[in-house]
Amino acid sequence: MVVTLTIVLFSIIANATFNNTINEINSKIDISVYLKDTVTEQQRDDLINQLKGLPNVASVEYVTKEQALEKYREQNKDNLNLLLAISQTDNPLPATVQIKPRDPIRINDIKTVLEDPKNLALQSDETSYSGDRKEAIDKITHATAFFRKAVFVGVVIFAIISMLIIFNTIRMAIFNRRSELRIMRLLGAKPWYIRGPFIIETMIYGIVAAVASIAICNFLFAVQSQAFDASSLGLLDITYANDYFAEHFWMFLLMQLVAGMTIGAVSALIATKKYLKMQNSSKIRFRLFRR
Amino acid sequence: MILLDRVTKTYTRKKTDALYRINLHVEPKEFVIVVGPSGAGKSTLLKLLTREEKPTTGKIIVGGIDYEHLKEKEIPTLRRKIGVVFQDFKLLPNKTVFENVAFALEIAGYSNREIRHTVPKVLNIVGLKGKENNYPRELSGGETQRVAIARAVVRQPKILIADEPTGNLDPKHAWDVIKVLEKINKYGTTVLLTTHNQEIVNKLKRRVVTIKDGKIVSDKASGGYEI
């Protein structure tokens, strides 16, 4: 159970870290529509309003030619040659409409609007967003979905494994004490009198496992965070994971306690229920004792 | 007190009738000895009474409880009303004599005060005073059997079922156990005793029911051992 809870905890933190990474990337994703210099104010406002009407659009920002130039200068302030070159020509930068999507996975509706021939006509030649950027967006999107699924499946699998392990442990315990339990039943012990101790026992396992898993995670984060950082793929922000763990420490502890106790209690309930049912059917009991 | 009406028990695996159309009526406060060779169906009869087994057909009424209408969750309550002395004692090896007897009360929800009050009294009746803190493995066969009896009667059941309580004992200890059973019967408990011991049956001069091949072949008010 310690292993399971540790894995679950790691999965949760990893999931949060992935989400954080993805969110960070997502927040950097915007769609830039470069407008031709000939576009009138009316046309521009129409386009912006049309985009703002889409449910998946978080914000639409209009950057004028001048602002674009300003930004460009700001970004390249160390490159004197470039600045010089740009100051000698007419402002070559197009006015831009920057769209931030709410969910980068579903940008097709935005794409449809932008690829409408009427709107396409407004856009300057070296237009906007497709190409490399689209691919990047797609890749990230796929990665997000995949990670989420993988983590979910992992958590479910390990939860099931640990339940099976506990279930079998309890069954073993019941098997070892079967004569004692039989005596209890023959003396008229109520089912709960027999089940109670097993359920409490597994709940205590759960508490111990929860504390142990938190301790392991705490230890690993405290001591090994640098090593993790060095070996991470560059994709994951380990510092974030560390902070996330520290920030939610009490919540995690509570969550682990609840999870451990629940897993323990549920498995014990099922195991003891099975045993009690067996005891009530002479046919199955016969088989149990022959084994 | 105990009524069996045309009770048949068939074990599906063996495909033979362990008991076939048994009719038995036991009055309150009666002392009944059930005799019969091994495999005759004595133990099956007792298992039916404690509801370890269900009859295939027939009616069982014990102490006014009709087993046909007995719900699963009422079985513990039923078992508390019947004291059972098992052939193999069924004591808990890691509990002392006192604890083993107290266990029966604990299960039934008696308070600690009642337990401390009742258990020594019962141990006194069965002649185990001074052995309270011994473990079953430290006792002789007769003493162990008497612990089992003490546990069976500590809840003052109306019915005491004793399955071959003298089976593993030498004659002297066997008599000790039988004397305890008679004493308990005198206090007003119906006793159902199964045994192989011819001498005991002949000396006791009580009602003897003989079972053979799953059928009652004789039922005599003051019988002897005959198979």
# chains A, B, ... in the order shown; residues from 1 in each chain; ligands from 1

$ interface_residues --of "chain A" --to "chain B" --cutoff "7 Å" --atoms "only C-alpha atoms" --output "PDB file with N, CA and C atoms, in the first residue's frame"
ATOM      1  N   GLU A 180     -10.525 -19.969  14.626  1.00  0.00           N
ATOM      2  CA  GLU A 180     -10.968 -19.022  15.653  1.00  0.00           C
ATOM      3  C   GLU A 180     -12.264 -18.320  15.220  1.00  0.00           C
ATOM      4  N   ILE A 183     -15.166 -20.602  15.489  1.00  0.00           N
ATOM      5  CA  ILE A 183     -15.639 -20.713  16.868  1.00  0.00           C
ATOM      6  C   ILE A 183     -16.500 -19.502  17.216  1.00  0.00           C
ATOM      7  N   LEU A 186     -19.831 -19.945  15.732  1.00  0.00           N
ATOM      8  CA  LEU A 186     -20.620 -20.990  16.381  1.00  0.00           C
ATOM      9  C   LEU A 186     -21.111 -20.541  17.750  1.00  0.00           C
ATOM     10  N   LEU A 187     -20.377 -19.621  18.360  1.00  0.00           N
ATOM     11  CA  LEU A 187     -20.804 -19.121  19.668  1.00  0.00           C
ATOM     12  C   LEU A 187     -21.804 -17.982  19.517  1.00  0.00           C
ATOM     13  N   GLY A 188     -22.106 -17.627  18.292  1.00  0.00           N
ATOM     14  CA  GLY A 188     -23.127 -16.622  18.077  1.00  0.00           C
ATOM     15  C   GLY A 188     -22.620 -15.207  17.941  1.00  0.00           C
ATOM     16  N   ALA A 189     -21.380 -15.042  17.440  1.00  0.00           N
ATOM     17  CA  ALA A 189     -20.869 -13.691  17.214  1.00  0.00           C
ATOM     18  C   ALA A 189     -21.549 -13.089  15.993  1.00  0.00           C
ATOM     19  N   LYS A 190     -21.930 -11.826  16.110  1.00  0.00           N
ATOM     20  CA  LYS A 190     -22.558 -11.152  14.971  1.00  0.00           C
ATOM     21  C   LYS A 190     -21.480 -10.887  13.915  1.00  0.00           C
ATOM     22  N   SER A 282     -22.791 -24.343   2.950  1.00  0.00           N
ATOM     23  CA  SER A 282     -21.985 -25.504   3.311  1.00  0.00           C
ATOM     24  C   SER A 282     -21.187 -26.009   2.119  1.00  0.00           C
TER      25      SER A 282
END

$ select_by_dssp --residues "range 35-149 of chain B" --states "alpha helix (DSSP H)" --output "ChimeraX atom specification"
/B:42-49,75-81,97-107,112-125,141-149

$ write_last_selection --atoms "C-alpha atoms" --output "PDB file, in the first residue's frame"
ATOM      1  CA  LYS B  42     -25.567 -37.900  15.141  1.00  0.00           C
ATOM      2  CA  SER B  43     -23.298 -34.984  14.343  1.00  0.00           C
ATOM      3  CA  THR B  44     -25.486 -33.974  11.410  1.00  0.00           C
ATOM      4  CA  LEU B  45     -28.440 -33.864  13.771  1.00  0.00           C
ATOM      5  CA  LEU B  46     -26.583 -31.523  16.112  1.00  0.00           C
ATOM      6  CA  LYS B  47     -25.401 -29.365  13.212  1.00  0.00           C
ATOM      7  CA  LEU B  48     -28.990 -28.966  12.095  1.00  0.00           C
ATOM      8  CA  LEU B  49     -29.938 -27.794  15.564  1.00  0.00           C
ATOM      9  CA  ILE B  75     -28.626 -16.978  13.443  1.00  0.00           C
ATOM     10  CA  PRO B  76     -26.214 -15.373  15.962  1.00  0.00           C
ATOM     11  CA  THR B  77     -29.133 -14.718  18.324  1.00  0.00           C
ATOM     12  CA  LEU B  78     -30.260 -18.319  17.965  1.00  0.00           C
ATOM     13  CA  ARG B  79     -26.783 -19.664  18.676  1.00  0.00           C
ATOM     14  CA  ARG B  80     -26.598 -17.604  21.834  1.00  0.00           C
ATOM     15  CA  LYS B  81     -29.666 -19.398  23.136  1.00  0.00           C
ATOM     16  CA  VAL B  97      -9.565 -20.556  30.725  1.00  0.00           C
ATOM     17  CA  PHE B  98     -11.175 -17.429  32.106  1.00  0.00           C
ATOM     18  CA  GLU B  99     -10.926 -15.623  28.778  1.00  0.00           C
ATOM     19  CA  ASN B 100     -12.325 -18.551  26.841  1.00  0.00           C
ATOM     20  CA  VAL B 101     -15.404 -18.643  29.020  1.00  0.00           C
ATOM     21  CA  ALA B 102     -15.663 -14.864  29.133  1.00  0.00           C
ATOM     22  CA  PHE B 103     -15.458 -14.816  25.340  1.00  0.00           C
ATOM     23  CA  ALA B 104     -18.932 -16.310  25.027  1.00  0.00           C
ATOM     24  CA  LEU B 105     -20.299 -13.497  27.184  1.00  0.00           C
ATOM     25  CA  GLU B 106     -18.266 -10.844  25.381  1.00  0.00           C
ATOM     26  CA  ILE B 107     -19.746 -11.873  22.053  1.00  0.00           C
ATOM     27  CA  ASN B 112     -17.237  -6.447  32.075  1.00  0.00           C
ATOM     28  CA  ARG B 113     -18.811  -6.401  35.513  1.00  0.00           C
ATOM     29  CA  GLU B 114     -21.241  -9.169  34.618  1.00  0.00           C
ATOM     30  CA  ILE B 115     -18.379 -11.172  33.107  1.00  0.00           C
ATOM     31  CA  ARG B 116     -16.215 -10.819  36.218  1.00  0.00           C
ATOM     32  CA  HIS B 117     -19.177 -11.861  38.322  1.00  0.00           C
ATOM     33  CA  THR B 118     -20.460 -14.794  36.251  1.00  0.00           C
ATOM     34  CA  VAL B 119     -17.367 -16.578  34.936  1.00  0.00           C
ATOM     35  CA  PRO B 120     -15.851 -17.620  38.315  1.00  0.00           C
ATOM     36  CA  LYS B 121     -19.226 -18.980  39.401  1.00  0.00           C
ATOM     37  CA  VAL B 122     -19.521 -21.172  36.337  1.00  0.00           C
ATOM     38  CA  LEU B 123     -15.900 -22.326  36.605  1.00  0.00           C
ATOM     39  CA  ASN B 124     -16.685 -23.302  40.166  1.00  0.00           C
ATOM     40  CA  ILE B 125     -19.681 -25.390  39.048  1.00  0.00           C
ATOM     41  CA  GLY B 141      -8.414 -33.667  28.559  1.00  0.00           C
ATOM     42  CA  GLY B 142     -11.144 -33.720  31.181  1.00  0.00           C
ATOM     43  CA  GLU B 143     -10.356 -30.206  32.329  1.00  0.00           C
ATOM     44  CA  THR B 144     -10.344 -28.930  28.759  1.00  0.00           C
ATOM     45  CA  GLN B 145     -13.718 -30.530  28.182  1.00  0.00           C
ATOM     46  CA  ARG B 146     -15.044 -28.892  31.310  1.00  0.00           C
ATOM     47  CA  VAL B 147     -13.859 -25.504  30.075  1.00  0.00           C
ATOM     48  CA  ALA B 148     -15.860 -26.161  26.934  1.00  0.00           C
ATOM     49  CA  ILE B 149     -18.887 -27.020  29.061  1.00  0.00           C
TER      50      ILE B 149
END

$ residues_around --residues "Lys158 in chain B" --least-positions-apart "5" --cutoff "12 Å" --atoms "only C-alpha atoms" --output "list in words"
Met1, Ile2, Glu27, Pro28, Lys29, Glu30, Val62, Gly63, Gly64, Leu78, Arg79, Arg80, Lys81, Ile82, Gly83, Val84, Ala152, Val153, Ile184, Asn185, Lys186, Tyr187, Gly188, Thr189, Thr190, Val191 and Leu192 of chain B

$ residues_around --residues "Ser218 in chain B" --least-positions-apart "4" --cutoff "9 Å" --atoms "only C-alpha atoms" --output "PyMOL selection string"
chain B and resi 208-211

$ write_last_selection --atoms "N, CA and C atoms" --output "PDB file, in the first residue's frame"
ATOM      1  N   VAL B 208     -32.991 -42.687  25.771  1.00  0.00           N
ATOM      2  CA  VAL B 208     -31.959 -42.976  24.787  1.00  0.00           C
ATOM      3  C   VAL B 208     -32.583 -43.062  23.397  1.00  0.00           C
ATOM      4  N   VAL B 209     -32.039 -42.253  22.489  1.00  0.00           N
ATOM      5  CA  VAL B 209     -32.495 -42.296  21.100  1.00  0.00           C
ATOM      6  C   VAL B 209     -31.373 -42.920  20.286  1.00  0.00           C
ATOM      7  N   THR B 210     -31.662 -43.974  19.555  1.00  0.00           N
ATOM      8  CA  THR B 210     -30.624 -44.642  18.772  1.00  0.00           C
ATOM      9  C   THR B 210     -30.808 -44.323  17.283  1.00  0.00           C
ATOM     10  N   ILE B 211     -29.737 -43.856  16.700  1.00  0.00           N
ATOM     11  CA  ILE B 211     -29.769 -43.531  15.262  1.00  0.00           C
ATOM     12  C   ILE B 211     -28.868 -44.513  14.531  1.00  0.00           C
TER      13      ILE B 211
END

$ residues_around --residues "Leu5 in chain A" --least-positions-apart "2" --cutoff "7 Å" --atoms "only C-alpha atoms" --output "JSON list (two decimals) with N, CA and C atoms, in the first residue's frame"
[["chain", "number", "residue", "atom", "x", "y", "z"],
["A", 1, "MET", "N", 0.84, -1.21, 0.00],
["A", 1, "MET", "CA", 0.00, 0.00, 0.00],
["A", 1, "MET", "C", 0.87, 1.26, 0.00],
["A", 2, "VAL", "N", 2.02, 1.17, 0.70],
["A", 2, "VAL", "CA", 2.94, 2.33, 0.70],
["A", 2, "VAL", "C", 3.33, 2.65, -0.74],
["A", 3, "VAL", "N", 3.69, 1.59, -1.48],
["A", 3, "VAL", "CA", 4.11, 1.78, -2.86],
["A", 3, "VAL", "C", 2.98, 2.41, -3.67],
["A", 7, "ILE", "N", 3.04, 5.98, -5.37],
["A", 7, "ILE", "CA", 2.88, 6.13, -6.82],
["A", 7, "ILE", "C", 1.72, 7.08, -7.12],
["A", 8, "VAL", "N", 0.65, 6.90, -6.39],
["A", 8, "VAL", "CA", -0.51, 7.77, -6.60],
["A", 8, "VAL", "C", -0.11, 9.23, -6.35],
["A", 9, "LEU", "N", 0.60, 9.43, -5.25],
["A", 9, "LEU", "CA", 1.00, 10.79, -4.90],
["A", 9, "LEU", "C", 1.92, 11.36, -5.98],
["A", 210, "ALA", "N", -0.10, 5.80, 4.41],
["A", 210, "ALA", "CA", -0.23, 7.20, 4.00],
["A", 210, "ALA", "C", 0.92, 8.03, 4.56],
["A", 213, "SER", "N", 4.15, 7.07, 2.80],
["A", 213, "SER", "CA", 4.27, 7.56, 1.42],
["A", 213, "SER", "C", 4.57, 9.06, 1.41],
["A", 256, "GLN", "N", -4.04, 11.37, 1.35],
["A", 256, "GLN", "CA", -3.43, 10.05, 1.43],
["A", 256, "GLN", "C", -4.06, 9.23, 2.55]]

$ residues_around --residues "Thr6 in chain A" --least-positions-apart "6" --cutoff "10 Å" --atoms "only C-alpha atoms" --output "ChimeraX atom specification"
/A:12,209-217,256

$ atom_distance --atom1 "CA of Gly58 in chain B" --atom2 "CA of Asp5 in chain B"
5.7 Å

$ residues_around --residues "Tyr225 in chain B" --least-positions-apart "3" --cutoff "7 Å" --atoms "only C-alpha atoms" --output "ChimeraX atom specification"
/B:198,201-202

$ atom_distance --atom1 "CA of Leu3 in chain B" --atom2 "CA of Tyr67 in chain B"
10.6 Å

$ closest_residue --among "A:Ile194, A:Ile86, A:Leu164, A:Ala145" --to "Arg177 in chain A" --atoms "only C-alpha atoms"
A:Ile194

$ select_by_dssp --residues "range 37-185 of chain A" --states "strand (DSSP E or B)" --output "list of chain:residue names"
A:Val57, A:Ala58, A:Ser59, A:Val60, A:Glu61, A:Tyr62, A:Val63, A:Ala95, A:Thr96, A:Val97, A:Gln98, A:Ile99, A:Lys100, A:Pro101, A:Gln123

$ write_last_selection --atoms "N, CA and C atoms" --output "mmCIF file, in the first residue's frame"
data_model
loop_
_atom_site.group_PDB
_atom_site.id
_atom_site.type_symbol
_atom_site.label_atom_id
_atom_site.label_comp_id
_atom_site.auth_asym_id
_atom_site.auth_seq_id
_atom_site.Cartn_x
_atom_site.Cartn_y
_atom_site.Cartn_z
ATOM 1 N N VAL A 57 -12.707 31.891 -27.835
ATOM 2 C CA VAL A 57 -11.731 32.973 -27.850
ATOM 3 C C VAL A 57 -11.689 33.637 -26.478
ATOM 4 N N ALA A 58 -10.516 33.635 -25.890
ATOM 5 C CA ALA A 58 -10.379 34.226 -24.569
ATOM 6 C C ALA A 58 -10.230 35.746 -24.680
ATOM 7 N N SER A 59 -9.382 36.164 -25.593
ATOM 8 C CA SER A 59 -9.213 37.608 -25.763
ATOM 9 C C SER A 59 -8.693 37.898 -27.172
ATOM 10 N N VAL A 60 -9.006 39.069 -27.618
ATOM 11 C CA VAL A 60 -8.498 39.509 -28.921
ATOM 12 C C VAL A 60 -7.822 40.858 -28.695
ATOM 13 N N GLU A 61 -6.593 40.926 -29.124
ATOM 14 C CA GLU A 61 -5.848 42.165 -28.902
ATOM 15 C C GLU A 61 -5.424 42.704 -30.260
ATOM 16 N N TYR A 62 -5.574 43.994 -30.410
ATOM 17 C CA TYR A 62 -5.154 44.591 -31.679
ATOM 18 C C TYR A 62 -3.863 45.354 -31.460
ATOM 19 N N VAL A 63 -2.885 44.999 -32.254
ATOM 20 C CA VAL A 63 -1.593 45.682 -32.158
ATOM 21 C C VAL A 63 -1.400 46.488 -33.449
ATOM 22 N N ALA A 95 0.129 45.509 -39.004
ATOM 23 C CA ALA A 95 -0.746 45.544 -37.819
ATOM 24 C C ALA A 95 -1.193 44.116 -37.537
ATOM 25 N N THR A 96 -1.354 43.793 -36.254
ATOM 26 C CA THR A 96 -1.617 42.396 -35.895
ATOM 27 C C THR A 96 -2.842 42.279 -34.999
ATOM 28 N N VAL A 97 -3.603 41.236 -35.251
ATOM 29 C CA VAL A 97 -4.672 40.871 -34.317
ATOM 30 C C VAL A 97 -4.214 39.607 -33.598
ATOM 31 N N GLN A 98 -4.016 39.733 -32.282
ATOM 32 C CA GLN A 98 -3.557 38.566 -31.515
ATOM 33 C C GLN A 98 -4.730 37.935 -30.790
ATOM 34 N N ILE A 99 -4.915 36.632 -31.075
ATOM 35 C CA ILE A 99 -6.047 35.914 -30.473
ATOM 36 C C ILE A 99 -5.509 34.922 -29.468
ATOM 37 N N LYS A 100 -6.063 34.994 -28.269
ATOM 38 C CA LYS A 100 -5.726 33.953 -27.283
ATOM 39 C C LYS A 100 -6.908 32.993 -27.189
ATOM 40 N N PRO A 101 -6.667 31.726 -27.531
ATOM 41 C CA PRO A 101 -7.778 30.769 -27.416
ATOM 42 C C PRO A 101 -7.923 30.283 -25.977
ATOM 43 N N GLN A 123 -5.769 39.603 -44.849
ATOM 44 C CA GLN A 123 -4.506 39.253 -44.236
ATOM 45 C C GLN A 123 -3.338 39.451 -45.205
#

$ atom_distance --atom1 "CA of Gln50 in chain A" --atom2 "CA of Glu66 in chain A"
23.8 Å

$ decode --residues "range 108-122 of chain B" --atoms "N, CA and C atoms" --output "compact mmCIF listing (two decimals), in the first residue's frame"
# COMPACT_ATOMS: atom_id res chain seq x y z
N ALA B 108 -21.80 -11.91 23.30
CA ALA B 108 -23.22 -11.62 23.49
C ALA B 108 -23.46 -10.23 24.06
N GLY B 109 -22.38 -9.48 24.28
CA GLY B 109 -22.52 -8.10 24.70
C GLY B 109 -22.71 -7.90 26.19
N TYR B 110 -22.24 -8.84 27.00
CA TYR B 110 -22.32 -8.66 28.45
C TYR B 110 -21.30 -7.61 28.90
N SER B 111 -21.59 -6.94 30.01
CA SER B 111 -20.65 -5.93 30.51
C SER B 111 -19.50 -6.61 31.24
N ASN B 112 -18.40 -5.89 31.39
CA ASN B 112 -17.24 -6.45 32.07
C ASN B 112 -17.57 -6.87 33.50
N ARG B 113 -18.44 -6.09 34.13
CA ARG B 113 -18.81 -6.40 35.51
C ARG B 113 -19.54 -7.75 35.58
N GLU B 114 -20.49 -7.91 34.66
CA GLU B 114 -21.24 -9.17 34.62
C GLU B 114 -20.30 -10.34 34.36
N ILE B 115 -19.32 -10.10 33.45
CA ILE B 115 -18.38 -11.17 33.11
C ILE B 115 -17.56 -11.56 34.33
N ARG B 116 -17.04 -10.53 35.04
CA ARG B 116 -16.22 -10.82 36.22
C ARG B 116 -17.02 -11.53 37.32
N HIS B 117 -18.31 -11.28 37.31
CA HIS B 117 -19.18 -11.86 38.32
C HIS B 117 -19.55 -13.30 37.96
N THR B 118 -19.88 -13.51 36.67
CA THR B 118 -20.46 -14.79 36.25
C THR B 118 -19.41 -15.89 36.03
N VAL B 119 -18.31 -15.54 35.37
CA VAL B 119 -17.37 -16.58 34.94
C VAL B 119 -16.83 -17.41 36.11
N PRO B 120 -16.37 -16.80 37.21
CA PRO B 120 -15.85 -17.62 38.32
C PRO B 120 -16.90 -18.58 38.87
N LYS B 121 -18.15 -18.12 38.91
CA LYS B 121 -19.23 -18.98 39.40
C LYS B 121 -19.34 -20.24 38.56
N VAL B 122 -19.35 -20.04 37.25
CA VAL B 122 -19.52 -21.17 36.34
C VAL B 122 -18.31 -22.10 36.42
